[in-house]
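The structure appears right after this line, and notes come after that.
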Amino acid sequence: MKLGIIALITLAVAVFGQIVSWAPPHAQLVGAYVYNTTHFAYYKDSVAIYITQDGLSFNGTEAEAQAVLQFLYAQCKYVAVDVKNITIIDGGELWPSEVYCSQDGSSWLWLRLLPLRFAAYKGAVDFVNATLTVHTPIGVFAGYVPAGWYLDRITNTVFRLPGFNASLITEIHKLQAAIAQLTASSKPSALTTASCQRC
């Protein structure tokens, strides 16, 4: 009985651990690199493009800036942007955007969430009550999750919170866990198979 409960808990953790932070489907991948704590840069047709996360500012010390830069270098191998505006500046263009970073393409960090990790950042972070557990590069959240885009790896659904019925994903996960449990309990064990061969 205890083994069955442990297996069920492990299965539930595996199933509910499949929702990860993501980038919106309409975000555009760019070959940008970390320029400083608030900006990314890249060249497009020999024009310098500076990208900044809309609504985010940095008010930290030099030591805090170094810690942030190390974090961003590790997280931002891939950069996707949802451009809000383009402003012509001396030496190029400034793109206030929603900026998303990923170190391997399997989970994306929305830079608007950086104040949850570093106190030196200032910006509004909204939260949503949802019966979900979500995994982000800045932590795991359950029940009260940061607003933003997420991917449910089980159903391959990209969804936005708020704006999506999160209870639908929860119900799908419960049904999949029940199916997995029924499937596992319907398979004969090796001991049962061996004893039946003598029958």
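For the structure tokens, the naming scheme is as follows: chains receive sequential letters (A, B, ...) according to their order of presentation, residues are indexed from 1 within each chain, and ligands are indexed from 1 in presentation order.
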
Non-local contacts of range 75-89 of chain A (12 Å; only C-alpha atoms; under 6 positions in same chain excluded) as JSON, numbers by chain
{"A": [22, 23, 24, 25, 26, 27, 28, 29, 30, 31, 32, 33, 34, 35, 39, 40, 41, 42, 47, 48, 49, 50, 51, 52, 53, 54, 55, 68, 69, 95, 96, 97, 98, 99, 100, 101, 102, 103, 104, 105, 106, 107, 108, 109, 110, 111, 114, 136, 137, 138]}

Among range 42-144 of chain A, which residues carry a DSSP assignment of alpha helix (DSSP H), reported as an MDAnalysis selection string?
chainID A and resid 62:75

Would you save the residues from that selection as a PDB file, in the first residue's frame, using N, CA, C and O atoms?
ATOM      1  N   GLU A  62      27.576  48.037  -8.188  1.00  0.00           N
ATOM      2  CA  GLU A  62      28.427  47.372  -9.180  1.00  0.00           C
ATOM      3  C   GLU A  62      28.504  45.868  -8.899  1.00  0.00           C
ATOM      4  O   GLU A  62      28.489  45.061  -9.820  1.00  0.00           O
ATOM      5  N   ALA A  63      28.571  45.497  -7.626  1.00  0.00           N
ATOM      6  CA  ALA A  63      28.616  44.071  -7.273  1.00  0.00           C
ATOM      7  C   ALA A  63      27.316  43.376  -7.683  1.00  0.00           C
ATOM      8  O   ALA A  63      27.341  42.253  -8.198  1.00  0.00           O
ATOM      9  N   GLU A  64      26.181  44.038  -7.450  1.00  0.00           N
ATOM     10  CA  GLU A  64      24.896  43.465  -7.865  1.00  0.00           C
ATOM     11  C   GLU A  64      24.817  43.351  -9.383  1.00  0.00           C
ATOM     12  O   GLU A  64      24.315  42.362  -9.916  1.00  0.00           O
ATOM     13  N   ALA A  65      25.363  44.343 -10.073  1.00  0.00           N
ATOM     14  CA  ALA A  65      25.366  44.320 -11.534  1.00  0.00           C
ATOM     15  C   ALA A  65      26.179  43.131 -12.046  1.00  0.00           C
ATOM     16  O   ALA A  65      25.764  42.448 -12.984  1.00  0.00           O
ATOM     17  N   GLN A  66      27.314  42.852 -11.419  1.00  0.00           N
ATOM     18  CA  GLN A  66      28.129  41.711 -11.840  1.00  0.00           C
ATOM     19  C   GLN A  66      27.391  40.390 -11.624  1.00  0.00           C
ATOM     20  O   GLN A  66      27.441  39.493 -12.470  1.00  0.00           O
ATOM     21  N   ALA A  67      26.696  40.261 -10.495  1.00  0.00           N
ATOM     22  CA  ALA A  67      25.921  39.043 -10.221  1.00  0.00           C
ATOM     23  C   ALA A  67      24.809  38.873 -11.258  1.00  0.00           C
ATOM     24  O   ALA A  67      24.576  37.770 -11.762  1.00  0.00           O
ATOM     25  N   VAL A  68      24.125  39.958 -11.572  1.00  0.00           N
ATOM     26  CA  VAL A  68      23.050  39.925 -12.562  1.00  0.00           C
ATOM     27  C   VAL A  68      23.601  39.544 -13.933  1.00  0.00           C
ATOM     28  O   VAL A  68      23.029  38.708 -14.641  1.00  0.00           O
ATOM     29  N   LEU A  69      24.731  40.157 -14.308  1.00  0.00           N
ATOM     30  CA  LEU A  69      25.309  39.860 -15.618  1.00  0.00           C
ATOM     31  C   LEU A  69      25.694  38.393 -15.735  1.00  0.00           C
ATOM     32  O   LEU A  69      25.457  37.761 -16.771  1.00  0.00           O
ATOM     33  N   GLN A  70      26.260  37.816 -14.684  1.00  0.00           N
ATOM     34  CA  GLN A  70      26.607  36.392 -14.720  1.00  0.00           C
ATOM     35  C   GLN A  70      25.355  35.537 -14.908  1.00  0.00           C
ATOM     36  O   GLN A  70      25.356  34.570 -15.667  1.00  0.00           O
ATOM     37  N   PHE A  71      24.280  35.908 -14.218  1.00  0.00           N
ATOM     38  CA  PHE A  71      23.010  35.188 -14.361  1.00  0.00           C
ATOM     39  C   PHE A  71      22.478  35.304 -15.794  1.00  0.00           C
ATOM     40  O   PHE A  71      22.075  34.316 -16.404  1.00  0.00           O
ATOM     41  N   LEU A  72      22.499  36.520 -16.344  1.00  0.00           N
ATOM     42  CA  LEU A  72      21.984  36.740 -17.697  1.00  0.00           C
ATOM     43  C   LEU A  72      22.839  36.035 -18.746  1.00  0.00           C
ATOM     44  O   LEU A  72      22.303  35.472 -19.706  1.00  0.00           O
ATOM     45  N   TYR A  73      24.170  36.050 -18.570  1.00  0.00           N
ATOM     46  CA  TYR A  73      25.042  35.340 -19.519  1.00  0.00           C
ATOM     47  C   TYR A  73      24.679  33.857 -19.552  1.00  0.00           C
ATOM     48  O   TYR A  73      24.658  33.236 -20.610  1.00  0.00           O
ATOM     49  N   ALA A  74      24.384  33.297 -18.378  1.00  0.00           N
ATOM     50  CA  ALA A  74      24.040  31.869 -18.307  1.00  0.00           C
ATOM     51  C   ALA A  74      22.661  31.590 -18.900  1.00  0.00           C
ATOM     52  O   ALA A  74      22.448  30.562 -19.538  1.00  0.00           O
ATOM     53  N   GLN A  75      21.710  32.512 -18.700  1.00  0.00           N
ATOM     54  CA  GLN A  75      20.321  32.275 -19.125  1.00  0.00           C
ATOM     55  C   GLN A  75      20.045  32.631 -20.578  1.00  0.00           C
ATOM     56  O   GLN A  75      19.102  32.109 -21.163  1.00  0.00           O
TER      57      GLN A  75
END

*asked:* So the first atom is CA of Asn59 in chain A and the second is CA of Pro146 in chain A; what is the distance between them in Å, to one decimal place?
replied: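 Rounded to one decimal, the two atoms are 22.1 Å apart.
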
Q) Near range 119-134 of chain A, within 8 Å and counting only C-alpha atoms, which residues show up once chain neighbours fewer than 3 positions away are dropped, as a PyMOL selection string? A) chain A and resi 16-21+55-61+64+112-116+140-147+150+161-162+166-167+170

What would the file look like if the residues just selected were written as a tab-separated table (two decimals), in the first residue's frame with N, CA and C atoms?
chain	number	residue	atom	x	y	z
A	16	PHE	N	2.71	17.02	-12.86
A	16	PHE	CA	2.50	18.44	-12.59
A	16	PHE	C	3.76	19.27	-12.78
A	17	GLY	N	4.92	18.62	-12.93
A	17	GLY	CA	6.15	19.35	-13.17
A	17	GLY	C	6.39	19.63	-14.64
A	18	GLN	N	5.38	19.46	-15.47
A	18	GLN	CA	5.55	19.61	-16.90
A	18	GLN	C	5.18	20.99	-17.42
A	19	ILE	N	4.78	21.91	-16.56
A	19	ILE	CA	4.43	23.26	-17.01
A	19	ILE	C	5.64	24.16	-16.78
A	20	VAL	N	6.17	24.72	-17.87
A	20	VAL	CA	7.38	25.54	-17.78
A	20	VAL	C	7.12	26.91	-18.37
A	21	SER	N	7.90	27.88	-17.91
A	21	SER	CA	7.78	29.23	-18.44
A	21	SER	C	8.17	29.21	-19.92
A	55	GLY	N	9.34	48.46	-18.98
A	55	GLY	CA	8.86	48.53	-17.61
A	55	GLY	C	9.82	47.98	-16.56
A	56	LEU	N	11.09	47.80	-16.90
A	56	LEU	CA	12.07	47.25	-15.96
A	56	LEU	C	13.26	48.18	-15.85
A	57	SER	N	13.69	48.46	-14.62
A	57	SER	CA	14.88	49.28	-14.42
A	57	SER	C	15.78	48.62	-13.38
A	58	PHE	N	17.05	49.01	-13.40
A	58	PHE	CA	18.04	48.44	-12.48
A	58	PHE	C	18.63	49.56	-11.64
A	59	ASN	N	18.58	49.39	-10.31
A	59	ASN	CA	19.10	50.40	-9.39
A	59	ASN	C	20.06	49.78	-8.39
A	60	GLY	N	21.00	48.98	-8.89
A	60	GLY	CA	21.88	48.25	-7.98
A	60	GLY	C	23.30	48.75	-7.98
A	61	THR	N	24.10	48.15	-7.12
A	61	THR	CA	25.52	48.46	-7.00
A	61	THR	C	26.29	47.74	-8.11
A	64	GLU	N	26.18	44.04	-7.45
A	64	GLU	CA	24.90	43.46	-7.86
A	64	GLU	C	24.82	43.35	-9.38
A	112	ARG	N	10.76	40.42	-17.32
A	112	ARG	CA	9.91	41.17	-16.40
A	112	ARG	C	9.89	40.52	-15.01
A	113	LEU	N	10.25	39.22	-14.93
A	113	LEU	CA	10.24	38.51	-13.65
A	113	LEU	C	11.54	38.67	-12.86
A	114	LEU	N	12.52	39.38	-13.40
A	114	LEU	CA	13.81	39.53	-12.71
A	114	LEU	C	13.70	40.14	-11.30
A	115	PRO	N	12.74	41.04	-11.02
A	115	PRO	CA	12.63	41.53	-9.63
A	115	PRO	C	12.34	40.44	-8.61
A	116	LEU	N	11.83	39.28	-9.06
A	116	LEU	CA	11.59	38.18	-8.13
A	116	LEU	C	12.89	37.51	-7.70
A	140	VAL	N	10.26	27.72	-8.68
A	140	VAL	CA	9.04	26.94	-8.88
A	140	VAL	C	7.94	27.61	-8.07
A	141	PHE	N	6.79	27.79	-8.70
A	141	PHE	CA	5.65	28.46	-8.05
A	141	PHE	C	4.45	27.52	-8.09
A	142	ALA	N	3.72	27.46	-6.99
A	142	ALA	CA	2.54	26.59	-6.92
A	142	ALA	C	1.36	27.36	-6.35
A	143	GLY	N	0.23	27.31	-7.05
A	143	GLY	CA	-0.99	27.92	-6.55
A	143	GLY	C	-1.10	29.41	-6.81
A	144	TYR	N	-0.01	30.12	-6.67
A	144	TYR	CA	0.03	31.56	-6.87
A	144	TYR	C	1.23	31.81	-7.77
A	145	VAL	N	0.98	31.92	-9.08
A	145	VAL	CA	2.07	31.90	-10.05
A	145	VAL	C	2.22	33.23	-10.77
A	146	PRO	N	3.42	33.55	-11.22
A	146	PRO	CA	3.60	34.80	-11.97
A	146	PRO	C	2.80	34.79	-13.27
A	147	ALA	N	2.19	35.91	-13.58
A	147	ALA	CA	1.50	36.04	-14.86
A	147	ALA	C	2.52	35.90	-15.99
A	150	TYR	N	3.20	30.22	-20.62
A	150	TYR	CA	3.66	28.92	-20.14
A	150	TYR	C	3.41	27.85	-21.20
A	161	LEU	N	-1.28	33.19	-18.73
A	161	LEU	CA	-1.97	33.47	-17.47
A	161	LEU	C	-1.79	34.94	-17.14
A	162	PRO	N	-2.83	35.70	-16.84
A	162	PRO	CA	-4.23	35.32	-16.91
A	162	PRO	C	-4.70	35.27	-18.37
A	166	ALA	N	-6.97	27.81	-16.39
A	166	ALA	CA	-5.94	26.91	-15.85
A	166	ALA	C	-6.53	25.64	-15.27
A	167	SER	N	-7.80	25.68	-14.85
A	167	SER	CA	-8.41	24.48	-14.30
A	167	SER	C	-8.56	23.40	-15.37
A	170	THR	N	-5.30	21.53	-15.32
A	170	THR	CA	-5.28	20.72	-14.10
A	170	THR	C	-6.12	19.47	-14.27

Separation of CA of Ile154 in chain A and CA of Ile169 in chain A, in Å?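 Taking CA of Ile154 in chain A and CA of Ile169 in chain A, their separation equals 9.5 Å.
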
Apply DSSP to the backbone of this structure and, from range 102-157 of chain A, keep only the residues in strand (DSSP E or B); write these as a JSON list (two decimals) with C-alpha atoms, in the first residue's frame.
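Dumped to part-v3.json:
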[["chain", "number", "residue", "atom", "x", "y", "z"],
["A", 102, "SER", "CA", 16.59, 30.70, -22.70],
["A", 109, "LEU", "CA", 12.80, 33.49, -18.65],
["A", 110, "TRP", "CA", 10.61, 36.55, -19.12],
["A", 121, "TYR", "CA", 15.49, 45.44, -10.31],
["A", 122, "LYS", "CA", 12.36, 47.56, -10.17],
["A", 127, "PHE", "CA", 0.55, 37.05, -9.95],
["A", 128, "VAL", "CA", -2.39, 34.79, -10.73],
["A", 129, "ASN", "CA", -4.25, 32.33, -8.50],
["A", 130, "ALA", "CA", -4.06, 29.04, -10.39],
["A", 131, "THR", "CA", -4.14, 25.43, -9.25],
["A", 132, "LEU", "CA", -0.90, 24.79, -11.13],
["A", 133, "THR", "CA", 2.74, 24.26, -10.36],
["A", 134, "VAL", "CA", 4.97, 26.08, -12.84],
["A", 135, "HIS", "CA", 8.72, 25.86, -13.31],
["A", 136, "THR", "CA", 10.64, 28.99, -14.27],
["A", 139, "GLY", "CA", 11.99, 29.28, -9.21],
["A", 140, "VAL", "CA", 9.04, 26.94, -8.88],
["A", 141, "PHE", "CA", 5.65, 28.46, -8.05],
["A", 142, "ALA", "CA", 2.54, 26.59, -6.92],
["A", 143, "GLY", "CA", -0.99, 27.92, -6.55],
["A", 144, "TYR", "CA", 0.03, 31.56, -6.87],
["A", 145, "VAL", "CA", 2.07, 31.90, -10.05],
["A", 146, "PRO", "CA", 3.60, 34.80, -11.97],
["A", 148, "GLY", "CA", 2.99, 35.23, -18.24],
["A", 149, "TRP", "CA", 3.30, 32.60, -20.95],
["A", 150, "TYR", "CA", 3.66, 28.92, -20.14],
["A", 151, "LEU", "CA", 4.01, 25.61, -21.97],
["A", 152, "ASP", "CA", 2.23, 22.48, -20.82],
["A", 157, "THR", "CA", -0.28, 23.80, -25.24]]

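Atom pair CA of Gly92 in chain A / CA of Tyr43 in chain A has a distance of 9.0 Å (rounded to one decimal).
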